[in-house]
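For reference, the structure discussed in these notes is given below.
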Amino acid sequence: MNRRGFLKTGGALLVGITGAGDLIAQFGGPVSLAPPMGQLDTWIAVGTDGTITAYSGKEELGQGISTAQQQLVAEELMVPFDRVRLIYCDTALTPDQAYTSGSQSHPANFREANLAQAAASARETLIKLASQRLSVPVDQLEAINGTVRAKSDPSKSASYAQLVGGRKFATTVDAKAKRRPAREWTVLGKPVPRPDLMDIVTGQFEYVHNVRLPNMAHGRVVRPPSPGATVLSVDESSVQGMPGLVKVVVKKNFVGVVAEKPWQALQAASKLKVNWSRGAPLPSFSGFYESLRKQPSRDTLLVNDKDTSQVLAKATTTLQATYLHPYQMHGSVGSSCAVADVQADKAVIYSPTQAVWYQKTTAAMVLGIKPENIRVIFRRGSGCYGLNGADTVTYDAAVLSQAVGRPVRVQLTRKDEMAWENYGNAFAIDLKAGLDAKGNIVAWDHESWSPALGNRPGTGTPGNVITGTLLGFEPDGFAPRAAPEPTAYNNNSNGVPSYLAARFGGTIRGTGTVESGRVLTHQVRSSFFTGPLRSPARLQNTFAHESFMDELAAKVGADPVEFRIRHLSFPRMRDVVSAAAKAANWETRPSPAKGIRKTGIARGRGIACVAYEGDNGYSSMVAEVEVDQATGAITVKRIVLGHDCGPMSNPDGVRNQIEGGALQGLSRALGEEVTWDAEKITSVDWRSYKSLTLGLDLPQVESVLLNRPDDEATGAGETSITVVAAAIGNAIFDATGARLRQVPFTPERVKAALAARS
């Protein structure tokens with residue numbers, strides 16, 4: 001059965017899924033090769049009733065992209081929204097579009113390529129077919145409501161179903177197919193409600209946690225007591241005779257149990273006696289940031305104008321500061337889960353991974369079977385923007401299923417996930433800038449240190465997550481090096497501040513006016529697994545840059561908004577700053593406010609902005625805070641966001657993304673921090689890892705959306721979170737005159753900063 005065999009007559013999805021062996025046999029051959037991206041049939045199918053089925057390699061993680069993709073296809077094919085079905089991220093059916101990450105889904109599928117171009121090509125192909133069928137020239141035909149008809153005589157028409165229903169297009173995606181202009185949109189650009197929302201709020205939606213297969217067992221893993229510990233022995237007799245126990249599984253340093261029921265597996269895992277070696281000593285928690293500077297490092301120069309030291313030496317005024325950001329975790333409210341059915345040399349895996357095709361190739365390595373005999377089906381899992389336990393729990397389920405020859409479901413415990421997920425990177429960042437006699441920045445120097453270990457598993461590195469390492473696979477290699485000279489502009493990490501001009505090859509690539517700069521980064525080996533956590537590196541670098549920008553403005557007595565706009569050359573950046581400031585009724589004056597009180601409740605406002613990844617979305621935020629100077633407690637009262645992602649496919653979706661990002665950023669700015677002692681991670685539950693709590697008084701959040709339908713589509717999911725910490729820190733400074741340079745802004749750190757202010 002080919003991929004269209006999964007559609008009934010009329011295009012409805014077949015929802016009954018059988019076991020791995022039956023599925024592979026039913027599919028009829030290798031499934032490892034992704035459908036060719038250049039073929040129209042890879043992306044679009046028309047059912048016999050005219051229903052449109054679209055195939056995408058960008059998955060729905062809760063961010064609303066599936067709704068926007070349905071809107072896109074409906075718009076380009078001129079059909080109602082509810083006539084489009086979307087299938088995404090299934091290695092037997094959908095194209096390989098690598099990761100769903102980095103605010104790249106909107107740019108990938110809504111520009112002149114991939115799904116958008118395929119849908120436009122399908123419309124033009126249908127018009128050509130109708131021209132042949134109706135003997136009417138192409139330029140005298142129009143597509144409307146699933147039908148192609150003559151403009152002068154609507155009775156001359158043919159439905160999509162009549163033209164190609166149930167058959168292949170058998171043509172390529174036309175790079176010259178014309179997209180529908182934004183001024184004519186009837187579906188795209190509208191606030192269409194998410195079709196999955198009702199099932200989610202009523203508990204009917206099938207997450208990966210809800211997948212049930214015949215004869216399915218349940219597994220639990222037994223993680224090491226500390227990083228680097230290895231298995232010396234396992235006493236299987238310690239769990240002999242326990243109810244429901246199916247098997248104890250030991251494979252190198254991977255240890256797990258399989259039982260008939262989840263509780264039985266949990267009990268067996270907790271009682272299994274495993275003798276572990278001692279792990280490697282961990283760095284001192286209190287001296288961690290200083291230790292980063294003393295380790296061998298892999299160095300990279302993002303910008304090097306070579307005159308920065310000389311310009312700084314000649315500057316009228318110089319300022320320098322250091323900013324610190326901790327490891328933080330995804331901390332998904334529901335722990336990660338996966339289901340695997342491995343039978344002999346075949347496997348079907350239900351995974352919340354953000355890269356089904358990469359999970360397919362690395363699962364093949366873990367299981368020792370051919371990639372073409374593995375099917376990975378995405379099922380939505382625990383909320384995640386980055387890399388929580390999704391990939392590692394998928395390997396857990398696959399290994400345990402292979403060991404017992406039947407389907408196995410694994411859901412991690414809270415501690416197993418929080419102690420062993422891939423954390424967002426810690427950073428120590430030194431900044432130095434010079435200003436001229438008029439208070440303008442003339443040079444900017446950035447030097448940072450960040451630890452890393454592992455990452456997403458990618459195409460062939462299962463050792464990038466804990467389960468892969470325990471099974472004997474190495475993480476990405478780490479080799480110290482001196483920094484080579486940069487040869488091209490790359491601001492994917494936002495290591496380059498938005499205010500640098502950044503000249504490359506005689507062309508200004510940055511968004512600022514500062515013509516002299518150096519950005520040097522040092523990556524060191526981490527003691528803990530690390531990986532992408534919403535706005536990885538971009539958030540940490542922007543916290544430093546935007547806090548420092550405020551310090552520079554205060555140094556010369558400038559208003560923080562005016563000072564930013566003065567140093568921005570890119571109109572879209574200036575516009576988002578102005579839009580947020582206007583909506584917030586920004587009071588033009590320097591920070592801190594005059595006549596601030598040093599007791600009681602202090603109130604202030606702060607601003608921050610970013611060109612995310614240099615050119616993948618533009619965001620600004622004004623935060624209004626109250627500071628209890630007796631307790632150090634911070635209350636964020638109001639947040640105003642300015643946002644520009646080019647054309648807005650769904651304004652509601654954009655608003656949800658930037659407001660949700662602001663609230664997650666609030667949590668990361670005020671409380672979240674991974675902690676450890678001499679041997680192990682100690683932040684392993686909601687008491688020890690302090691995210692926002694239920695019942696918190698949330699701030700008023702307002703969004704100002706700048707719609708630019710004629711510009712390229714950019715990202716929205718990771719922009720607003722990037723500026724939160726700096727905006728809040730700047731507001732605290734405005735209210736109190738106290739500068740916080742270390743995240744999170746705990747009451748203890750706030751009180752220390754208050755005590756240290758001049």
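Residue numbering restarts at 1 in every chain; chains get A, B, ... in the order shown in the structure tokens, and ligands count up from 1 in that same order.
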As a PDB file with N, CA, C and O atoms, in the first residue's frame, please: all residues of segment 109-195 of chain A that backbone DSSP puts in alpha helix (DSSP H).
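Done, and the output landed in part27.pdb:
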```
ATOM      1  N   ASN A 109       7.918  26.859   5.267  1.00  0.00           N
ATOM      2  CA  ASN A 109       6.749  26.449   4.495  1.00  0.00           C
ATOM      3  C   ASN A 109       5.882  27.590   3.983  1.00  0.00           C
ATOM      4  O   ASN A 109       4.907  27.349   3.275  1.00  0.00           O
ATOM      5  N   PHE A 110       6.220  28.829   4.316  1.00  0.00           N
ATOM      6  CA  PHE A 110       5.364  29.939   3.896  1.00  0.00           C
ATOM      7  C   PHE A 110       6.069  30.910   2.952  1.00  0.00           C
ATOM      8  O   PHE A 110       5.486  31.889   2.524  1.00  0.00           O
ATOM      9  N   ASN A 114       8.733  24.705  -0.803  1.00  0.00           N
ATOM     10  CA  ASN A 114       8.108  23.669   0.011  1.00  0.00           C
ATOM     11  C   ASN A 114       6.584  23.689  -0.084  1.00  0.00           C
ATOM     12  O   ASN A 114       6.025  23.726  -1.164  1.00  0.00           O
ATOM     13  N   LEU A 115       5.896  23.637   1.063  1.00  0.00           N
ATOM     14  CA  LEU A 115       4.449  23.466   1.061  1.00  0.00           C
ATOM     15  C   LEU A 115       3.724  24.598   0.333  1.00  0.00           C
ATOM     16  O   LEU A 115       2.785  24.364  -0.432  1.00  0.00           O
ATOM     17  N   ALA A 116       4.157  25.826   0.571  1.00  0.00           N
ATOM     18  CA  ALA A 116       3.485  26.965  -0.064  1.00  0.00           C
ATOM     19  C   ALA A 116       3.606  26.888  -1.583  1.00  0.00           C
ATOM     20  O   ALA A 116       2.623  27.070  -2.315  1.00  0.00           O
ATOM     21  N   GLN A 117       4.805  26.623  -2.068  1.00  0.00           N
ATOM     22  CA  GLN A 117       5.005  26.579  -3.511  1.00  0.00           C
ATOM     23  C   GLN A 117       4.315  25.365  -4.124  1.00  0.00           C
ATOM     24  O   GLN A 117       3.823  25.418  -5.253  1.00  0.00           O
ATOM     25  N   ALA A 118       4.266  24.271  -3.367  1.00  0.00           N
ATOM     26  CA  ALA A 118       3.563  23.079  -3.849  1.00  0.00           C
ATOM     27  C   ALA A 118       2.075  23.361  -4.000  1.00  0.00           C
ATOM     28  O   ALA A 118       1.446  22.943  -4.988  1.00  0.00           O
ATOM     29  N   ALA A 119       1.497  24.055  -3.030  1.00  0.00           N
ATOM     30  CA  ALA A 119       0.067  24.363  -3.110  1.00  0.00           C
ATOM     31  C   ALA A 119      -0.225  25.293  -4.284  1.00  0.00           C
ATOM     32  O   ALA A 119      -1.218  25.116  -5.004  1.00  0.00           O
ATOM     33  N   ALA A 120       0.643  26.281  -4.505  1.00  0.00           N
ATOM     34  CA  ALA A 120       0.467  27.163  -5.656  1.00  0.00           C
ATOM     35  C   ALA A 120       0.623  26.380  -6.958  1.00  0.00           C
ATOM     36  O   ALA A 120      -0.124  26.597  -7.924  1.00  0.00           O
ATOM     37  N   SER A 121       1.589  25.452  -6.978  1.00  0.00           N
ATOM     38  CA  SER A 121       1.793  24.615  -8.169  1.00  0.00           C
ATOM     39  C   SER A 121       0.581  23.735  -8.426  1.00  0.00           C
ATOM     40  O   SER A 121       0.187  23.526  -9.585  1.00  0.00           O
ATOM     41  N   ALA A 122      -0.014  23.210  -7.364  1.00  0.00           N
ATOM     42  CA  ALA A 122      -1.201  22.363  -7.520  1.00  0.00           C
ATOM     43  C   ALA A 122      -2.351  23.158  -8.132  1.00  0.00           C
ATOM     44  O   ALA A 122      -3.067  22.668  -9.012  1.00  0.00           O
ATOM     45  N   ARG A 123      -2.536  24.381  -7.673  1.00  0.00           N
ATOM     46  CA  ARG A 123      -3.611  25.214  -8.231  1.00  0.00           C
ATOM     47  C   ARG A 123      -3.383  25.452  -9.721  1.00  0.00           C
ATOM     48  O   ARG A 123      -4.307  25.302 -10.544  1.00  0.00           O
ATOM     49  N   GLU A 124      -2.155  25.800 -10.086  1.00  0.00           N
ATOM     50  CA  GLU A 124      -1.879  26.076 -11.498  1.00  0.00           C
ATOM     51  C   GLU A 124      -1.966  24.805 -12.341  1.00  0.00           C
ATOM     52  O   GLU A 124      -2.411  24.849 -13.497  1.00  0.00           O
ATOM     53  N   THR A 125      -1.556  23.672 -11.777  1.00  0.00           N
ATOM     54  CA  THR A 125      -1.673  22.398 -12.498  1.00  0.00           C
ATOM     55  C   THR A 125      -3.134  22.057 -12.744  1.00  0.00           C
ATOM     56  O   THR A 125      -3.516  21.606 -13.842  1.00  0.00           O
ATOM     57  N   LEU A 126      -3.972  22.266 -11.738  1.00  0.00           N
ATOM     58  CA  LEU A 126      -5.406  21.992 -11.893  1.00  0.00           C
ATOM     59  C   LEU A 126      -6.027  22.899 -12.958  1.00  0.00           C
ATOM     60  O   LEU A 126      -6.892  22.469 -13.736  1.00  0.00           O
ATOM     61  N   ILE A 127      -5.592  24.139 -13.005  1.00  0.00           N
ATOM     62  CA  ILE A 127      -6.108  25.053 -14.032  1.00  0.00           C
ATOM     63  C   ILE A 127      -5.679  24.582 -15.422  1.00  0.00           C
ATOM     64  O   ILE A 127      -6.472  24.619 -16.381  1.00  0.00           O
ATOM     65  N   LYS A 128      -4.450  24.102 -15.556  1.00  0.00           N
ATOM     66  CA  LYS A 128      -3.981  23.587 -16.850  1.00  0.00           C
ATOM     67  C   LYS A 128      -4.785  22.351 -17.268  1.00  0.00           C
ATOM     68  O   LYS A 128      -5.153  22.202 -18.439  1.00  0.00           O
ATOM     69  N   LEU A 129      -5.035  21.473 -16.306  1.00  0.00           N
ATOM     70  CA  LEU A 129      -5.843  20.287 -16.616  1.00  0.00           C
ATOM     71  C   LEU A 129      -7.262  20.678 -17.036  1.00  0.00           C
ATOM     72  O   LEU A 129      -7.854  20.084 -17.953  1.00  0.00           O
ATOM     73  N   ALA A 130      -7.810  21.677 -16.359  1.00  0.00           N
ATOM     74  CA  ALA A 130      -9.150  22.146 -16.711  1.00  0.00           C
ATOM     75  C   ALA A 130      -9.159  22.786 -18.091  1.00  0.00           C
ATOM     76  O   ALA A 130     -10.143  22.654 -18.845  1.00  0.00           O
ATOM     77  N   SER A 131      -8.083  23.473 -18.442  1.00  0.00           N
ATOM     78  CA  SER A 131      -7.986  24.085 -19.763  1.00  0.00           C
ATOM     79  C   SER A 131      -8.089  23.025 -20.853  1.00  0.00           C
ATOM     80  O   SER A 131      -8.797  23.214 -21.860  1.00  0.00           O
ATOM     81  N   GLN A 132      -7.412  21.910 -20.616  1.00  0.00           N
ATOM     82  CA  GLN A 132      -7.476  20.813 -21.589  1.00  0.00           C
ATOM     83  C   GLN A 132      -8.871  20.198 -21.629  1.00  0.00           C
ATOM     84  O   GLN A 132      -9.400  19.891 -22.702  1.00  0.00           O
ATOM     85  N   ARG A 133      -9.467  20.051 -20.469  1.00  0.00           N
ATOM     86  CA  ARG A 133     -10.771  19.393 -20.380  1.00  0.00           C
ATOM     87  C   ARG A 133     -11.891  20.264 -20.954  1.00  0.00           C
ATOM     88  O   ARG A 133     -12.807  19.770 -21.623  1.00  0.00           O
ATOM     89  N   LEU A 134     -11.813  21.567 -20.713  1.00  0.00           N
ATOM     90  CA  LEU A 134     -12.896  22.478 -21.090  1.00  0.00           C
ATOM     91  C   LEU A 134     -12.633  23.208 -22.400  1.00  0.00           C
ATOM     92  O   LEU A 134     -13.516  23.936 -22.882  1.00  0.00           O
ATOM     93  N   TYR A 160     -12.089  19.839  -8.751  1.00  0.00           N
ATOM     94  CA  TYR A 160     -10.777  19.239  -8.545  1.00  0.00           C
ATOM     95  C   TYR A 160     -10.887  17.716  -8.565  1.00  0.00           C
ATOM     96  O   TYR A 160      -9.993  17.028  -9.074  1.00  0.00           O
ATOM     97  N   ALA A 161     -11.959  17.197  -7.998  1.00  0.00           N
ATOM     98  CA  ALA A 161     -12.138  15.745  -7.960  1.00  0.00           C
ATOM     99  C   ALA A 161     -12.248  15.187  -9.375  1.00  0.00           C
ATOM    100  O   ALA A 161     -11.699  14.119  -9.684  1.00  0.00           O
ATOM    101  N   GLN A 162     -12.946  15.903 -10.255  1.00  0.00           N
ATOM    102  CA  GLN A 162     -13.070  15.445 -11.635  1.00  0.00           C
ATOM    103  C   GLN A 162     -11.728  15.508 -12.365  1.00  0.00           C
ATOM    104  O   GLN A 162     -11.426  14.672 -13.222  1.00  0.00           O
ATOM    105  N   LEU A 163     -10.922  16.488 -12.008  1.00  0.00           N
ATOM    106  CA  LEU A 163      -9.661  16.698 -12.716  1.00  0.00           C
ATOM    107  C   LEU A 163      -8.566  15.728 -12.295  1.00  0.00           C
ATOM    108  O   LEU A 163      -7.800  15.252 -13.136  1.00  0.00           O
ATOM    109  N   VAL A 164      -8.485  15.426 -10.981  1.00  0.00           N
ATOM    110  CA  VAL A 164      -7.364  14.602 -10.528  1.00  0.00           C
ATOM    111  C   VAL A 164      -7.709  13.764  -9.306  1.00  0.00           C
ATOM    112  O   VAL A 164      -6.858  13.064  -8.777  1.00  0.00           O
TER     113      VAL A 164
END
```
Q: Skip Ser569 of chain A itself and residues of its chain fewer than 4 positions away, then list as a list in words all residues within 8 Å of it, counting only C-alpha atoms.
A: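 Near neighbours after the sequence-gap exclusion: Tyr499, Thr511, Gly512, Thr513, Ile565, Met573 and Arg574 of chain A.
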Give me a file of those residues, with C-alpha atoms, as a compact mmCIF listing (two decimals), in the first residue's frame.
```txt
# COMPACT_ATOMS: atom_id res chain seq x y z
CA TYR A 499 23.52 47.54 17.34
CA THR A 511 21.04 45.94 12.00
CA GLY A 512 22.94 48.66 13.88
CA THR A 513 25.17 51.70 13.46
CA ILE A 565 16.62 53.82 18.06
CA MET A 573 13.84 47.07 14.33
CA ARG A 574 13.18 50.74 14.96
```
Q: Determine the nearest neighbour of Val333 of chain A from the options A:Thr361, A:Asn253, A:Gln700, A:Ser382, counting only C-alpha atoms.
A: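 Of A:Thr361, A:Asn253, A:Gln700, A:Ser382, the one nearest Val333 of chain A is A:Ser382, counting only C-alpha atoms.
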Q) What lies within 12 Å of Gly458 of chain A using only C-alpha atoms, ignoring chain neighbours under 6 positions off, as a list in words? A)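 The neighbour list is Ala98, Tyr99, Thr353, Gln354, Ala355, Val356, Trp357, Tyr358, Gln359, Lys360, Thr361, Thr362, Ala363, Leu387, Asp391, Asn464, Val465, Pro475, Asp476 and Gly531 of chain A.
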Just write the chosen residues, all heavy atoms, as a short mmCIF file (atom, residue, chain, number, x, y, z; two decimals), in the first residue's frame.
```cif
data_model
loop_
_atom_site.label_atom_id
_atom_site.label_comp_id
_atom_site.auth_asym_id
_atom_site.auth_seq_id
_atom_site.Cartn_x
_atom_site.Cartn_y
_atom_site.Cartn_z
N ALA A 98 13.63 17.88 8.17
CA ALA A 98 14.57 17.96 9.29
C ALA A 98 13.83 18.25 10.59
O ALA A 98 12.84 17.60 10.90
CB ALA A 98 15.65 18.99 9.00
N TYR A 99 14.30 19.23 11.35
CA TYR A 99 13.72 19.53 12.65
C TYR A 99 12.51 20.45 12.54
O TYR A 99 12.41 21.26 11.62
CB TYR A 99 14.74 20.25 13.53
CG TYR A 99 16.00 19.50 13.83
CD1 TYR A 99 17.22 19.92 13.30
CD2 TYR A 99 15.99 18.37 14.63
CE1 TYR A 99 18.40 19.24 13.58
CE2 TYR A 99 17.16 17.68 14.92
CZ TYR A 99 18.37 18.12 14.39
OH TYR A 99 19.53 17.45 14.66
N THR A 353 9.36 13.22 19.36
CA THR A 353 10.56 13.87 18.85
C THR A 353 10.24 15.03 17.93
O THR A 353 9.20 15.04 17.25
CB THR A 353 11.43 12.85 18.08
OG1 THR A 353 12.59 13.51 17.56
CG2 THR A 353 10.67 12.22 16.93
N GLN A 354 11.12 15.99 17.85
CA GLN A 354 10.94 17.10 16.92
C GLN A 354 11.63 16.84 15.59
O GLN A 354 11.77 17.76 14.76
CB GLN A 354 11.43 18.40 17.56
CG GLN A 354 10.52 18.87 18.69
CD GLN A 354 10.95 20.16 19.36
OE1 GLN A 354 10.86 20.28 20.57
NE2 GLN A 354 11.41 21.12 18.60
N ALA A 355 12.06 15.58 15.35
CA ALA A 355 12.73 15.23 14.09
C ALA A 355 12.52 13.75 13.83
O ALA A 355 13.36 12.92 14.18
CB ALA A 355 14.21 15.57 14.16
N VAL A 356 11.40 13.38 13.20
CA VAL A 356 11.07 11.96 13.03
C VAL A 356 12.08 11.25 12.14
O VAL A 356 12.41 10.08 12.38
CB VAL A 356 9.64 11.76 12.48
CG1 VAL A 356 8.60 12.15 13.50
CG2 VAL A 356 9.43 12.52 11.16
N TRP A 357 12.58 11.92 11.12
CA TRP A 357 13.52 11.25 10.22
C TRP A 357 14.86 11.01 10.89
O TRP A 357 15.51 9.98 10.68
CB TRP A 357 13.68 12.05 8.92
CG TRP A 357 12.49 11.87 8.03
CD1 TRP A 357 11.36 12.64 7.98
CD2 TRP A 357 12.29 10.82 7.09
NE1 TRP A 357 10.48 12.14 7.07
CE2 TRP A 357 11.02 11.02 6.49
CE3 TRP A 357 13.06 9.72 6.67
CZ2 TRP A 357 10.51 10.18 5.51
CZ3 TRP A 357 12.55 8.88 5.69
CH2 TRP A 357 11.30 9.11 5.13
N TYR A 358 15.32 11.95 11.69
CA TYR A 358 16.56 11.75 12.43
C TYR A 358 16.38 10.70 13.52
O TYR A 358 17.28 9.91 13.82
CB TYR A 358 17.05 13.07 13.05
CG TYR A 358 17.44 14.12 12.03
CD1 TYR A 358 17.62 15.45 12.40
CD2 TYR A 358 17.65 13.79 10.69
CE1 TYR A 358 17.98 16.41 11.48
CE2 TYR A 358 18.01 14.74 9.76
CZ TYR A 358 18.19 16.05 10.16
OH TYR A 358 18.55 17.01 9.24
N GLN A 359 15.19 10.68 14.14
CA GLN A 359 14.91 9.65 15.14
C GLN A 359 14.94 8.27 14.48
O GLN A 359 15.39 7.29 15.08
CB GLN A 359 13.56 9.92 15.78
CG GLN A 359 13.10 8.89 16.78
CD GLN A 359 14.02 8.74 17.97
OE1 GLN A 359 14.47 7.64 18.27
NE2 GLN A 359 14.29 9.83 18.67
N LYS A 360 14.49 8.20 13.25
CA LYS A 360 14.48 6.94 12.51
C LYS A 360 15.90 6.40 12.32
O LYS A 360 16.18 5.23 12.59
CB LYS A 360 13.81 7.17 11.15
CG LYS A 360 13.75 5.99 10.21
CD LYS A 360 13.26 6.46 8.85
CE LYS A 360 13.06 5.32 7.89
NZ LYS A 360 11.85 4.56 8.17
N THR A 361 16.82 7.25 11.86
CA THR A 361 18.18 6.77 11.60
C THR A 361 18.94 6.46 12.88
O THR A 361 19.70 5.49 12.94
CB THR A 361 18.97 7.80 10.77
OG1 THR A 361 18.99 9.06 11.46
CG2 THR A 361 18.32 8.00 9.41
N THR A 362 18.73 7.26 13.92
CA THR A 362 19.45 6.98 15.17
C THR A 362 18.84 5.81 15.93
O THR A 362 19.56 5.06 16.59
CB THR A 362 19.48 8.24 16.06
OG1 THR A 362 18.15 8.71 16.29
CG2 THR A 362 20.32 9.33 15.42
N ALA A 363 17.50 5.63 15.83
CA ALA A 363 16.89 4.46 16.44
C ALA A 363 17.41 3.19 15.78
O ALA A 363 17.59 2.15 16.44
CB ALA A 363 15.37 4.53 16.33
N LEU A 387 14.47 20.51 23.55
CA LEU A 387 14.88 19.11 23.68
C LEU A 387 14.69 18.67 25.13
O LEU A 387 15.63 18.68 25.92
CB LEU A 387 16.35 18.96 23.25
CG LEU A 387 16.97 17.57 23.32
CD1 LEU A 387 16.25 16.60 22.39
CD2 LEU A 387 18.45 17.62 22.96
N ASP A 391 13.44 12.56 22.91
CA ASP A 391 14.26 11.63 22.14
C ASP A 391 14.81 10.51 23.02
O ASP A 391 14.84 9.34 22.61
CB ASP A 391 15.40 12.37 21.47
CG ASP A 391 14.91 13.18 20.27
OD1 ASP A 391 14.54 12.56 19.26
OD2 ASP A 391 14.89 14.41 20.36
N ASN A 464 24.06 11.87 21.96
CA ASN A 464 23.83 13.25 22.38
C ASN A 464 22.80 13.37 23.50
O ASN A 464 22.62 14.46 24.05
CB ASN A 464 23.37 14.10 21.19
CG ASN A 464 24.53 14.64 20.39
OD1 ASN A 464 25.69 14.51 20.80
ND2 ASN A 464 24.25 15.24 19.26
N VAL A 465 22.10 12.28 23.82
CA VAL A 465 21.18 12.26 24.95
C VAL A 465 21.55 11.09 25.85
O VAL A 465 22.28 10.18 25.45
CB VAL A 465 19.71 12.17 24.48
CG1 VAL A 465 19.32 13.41 23.68
CG2 VAL A 465 19.47 10.91 23.65
N PRO A 475 28.69 11.27 22.51
CA PRO A 475 28.06 12.52 22.09
C PRO A 475 28.93 13.23 21.05
O PRO A 475 30.04 12.77 20.75
CB PRO A 475 27.97 13.33 23.39
CG PRO A 475 29.06 12.79 24.25
CD PRO A 475 29.21 11.34 23.89
N ASP A 476 28.42 14.32 20.51
CA ASP A 476 29.21 15.11 19.57
C ASP A 476 30.59 15.37 20.15
O ASP A 476 30.74 15.69 21.34
CB ASP A 476 28.53 16.45 19.30
CG ASP A 476 27.36 16.32 18.33
OD1 ASP A 476 27.36 15.37 17.53
OD2 ASP A 476 26.45 17.16 18.39
N GLY A 531 21.36 21.26 25.40
CA GLY A 531 20.68 21.24 24.10
C GLY A 531 19.80 22.45 23.97
O GLY A 531 19.76 23.32 24.85
#
```
Q: Find, counting only C-alpha atoms, the residue in A:Phe570, A:Tyr327, A:Trp43, A:Phe478 that gets nearest to Phe169 of chain A.
A: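 The shortest atom-to-atom distance to Phe169 of chain A comes from A:Trp43.
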Q.
With only C-alpha atoms as the counted atoms, please give the residues lying no more than 10 Å from Gln664 of chain A, apart from itself and same-chain residues fewer than 3 positions off, as a PyMOL selection string.
A. chain A and resi 534+658-661+667-669+691-692+720-721+724
Can you tell me, as a PDB file with C-alpha atoms, in the first residue's frame, what residues are no more than 10 Å from Asn210 of chain A when counting only C-alpha atoms, ignoring any on the same chain fewer than 2 positions away?
```
ATOM      1  CA  GLN A 204     -10.177  13.692  24.070  1.00  0.00           C
ATOM      2  CA  PHE A 205      -6.977  14.544  22.229  1.00  0.00           C
ATOM      3  CA  GLU A 206      -4.559  11.635  21.745  1.00  0.00           C
ATOM      4  CA  TYR A 207      -1.138  12.550  23.026  1.00  0.00           C
ATOM      5  CA  VAL A 208       1.666  10.002  22.841  1.00  0.00           C
ATOM      6  CA  ARG A 212      -2.279   1.965  23.386  1.00  0.00           C
ATOM      7  CA  LEU A 213      -1.247  -1.074  21.332  1.00  0.00           C
ATOM      8  CA  CYS A 337       6.625   9.408  27.027  1.00  0.00           C
ATOM      9  CA  ALA A 338       7.009   7.167  23.954  1.00  0.00           C
ATOM     10  CA  VAL A 339       5.665   3.844  22.669  1.00  0.00           C
ATOM     11  CA  ARG A 379       2.514  11.994  18.415  1.00  0.00           C
ATOM     12  CA  GLY A 381       3.937  14.891  23.787  1.00  0.00           C
ATOM     13  CA  ARG A 409       5.289   2.239  26.662  1.00  0.00           C
TER      14      ARG A 409
END
```
Q: Name the residues in contact with Gly729 of chain A at a cut-off of 8 Å, using only C-alpha atoms, excluding same-chain residues fewer than 3 positions from it; report them as a list in words.
A: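 My reading of the contact set: Ser547, Gly606, Ala725, Ala726, Ile732, Phe733, Arg739, Leu740, Arg741 and Phe745 of chain A.
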Q. How far is it from atom CA of Ala390 of chain A to atom CA of Thr459 of chain A, in Å with one decimal?
A.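 Answer for the atom CA of Ala390 of chain A to atom CA of Thr459 of chain A separation: 15.8 Å.
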Q. Between A:Lys247, A:Lys252, A:Arg111, A:Arg375, which has the minimum distance to Ala269 of chain A (counting only C-alpha atoms)?
A.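 Closest residue, counting only C-alpha atoms: A:Lys247.
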(Q) Between A:Val201, A:Ala113, A:Val625, A:Leu232, which residue has the minimum interatomic distance to Lys176 of chain A, considering only C-alpha atoms? (A) A:Ala113
Q) In segment 241-372 of chain A, what's strand (DSSP E) per DSSP? Answer as a PyMOL selection string? A) chain A and resi 245-251+254-259+273-276+298-304+317-325+337-343+346-351
(Q) Give me, as a ChimeraX atom specification, all polymer residues having an atom no more than 10 Å from Gly505 of chain A, counting only C-alpha atoms and skipping those fewer than 3 positions away in the same chain. (A) /A:487-489,508-509
Q) Mind pulling up the distance from atom CA of Gly424 of chain A to atom CA of Gly383 of chain A? A)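 According to the coordinates, atom CA of Gly383 of chain A and atom CA of Gly424 of chain A are separated by 15.4 Å.
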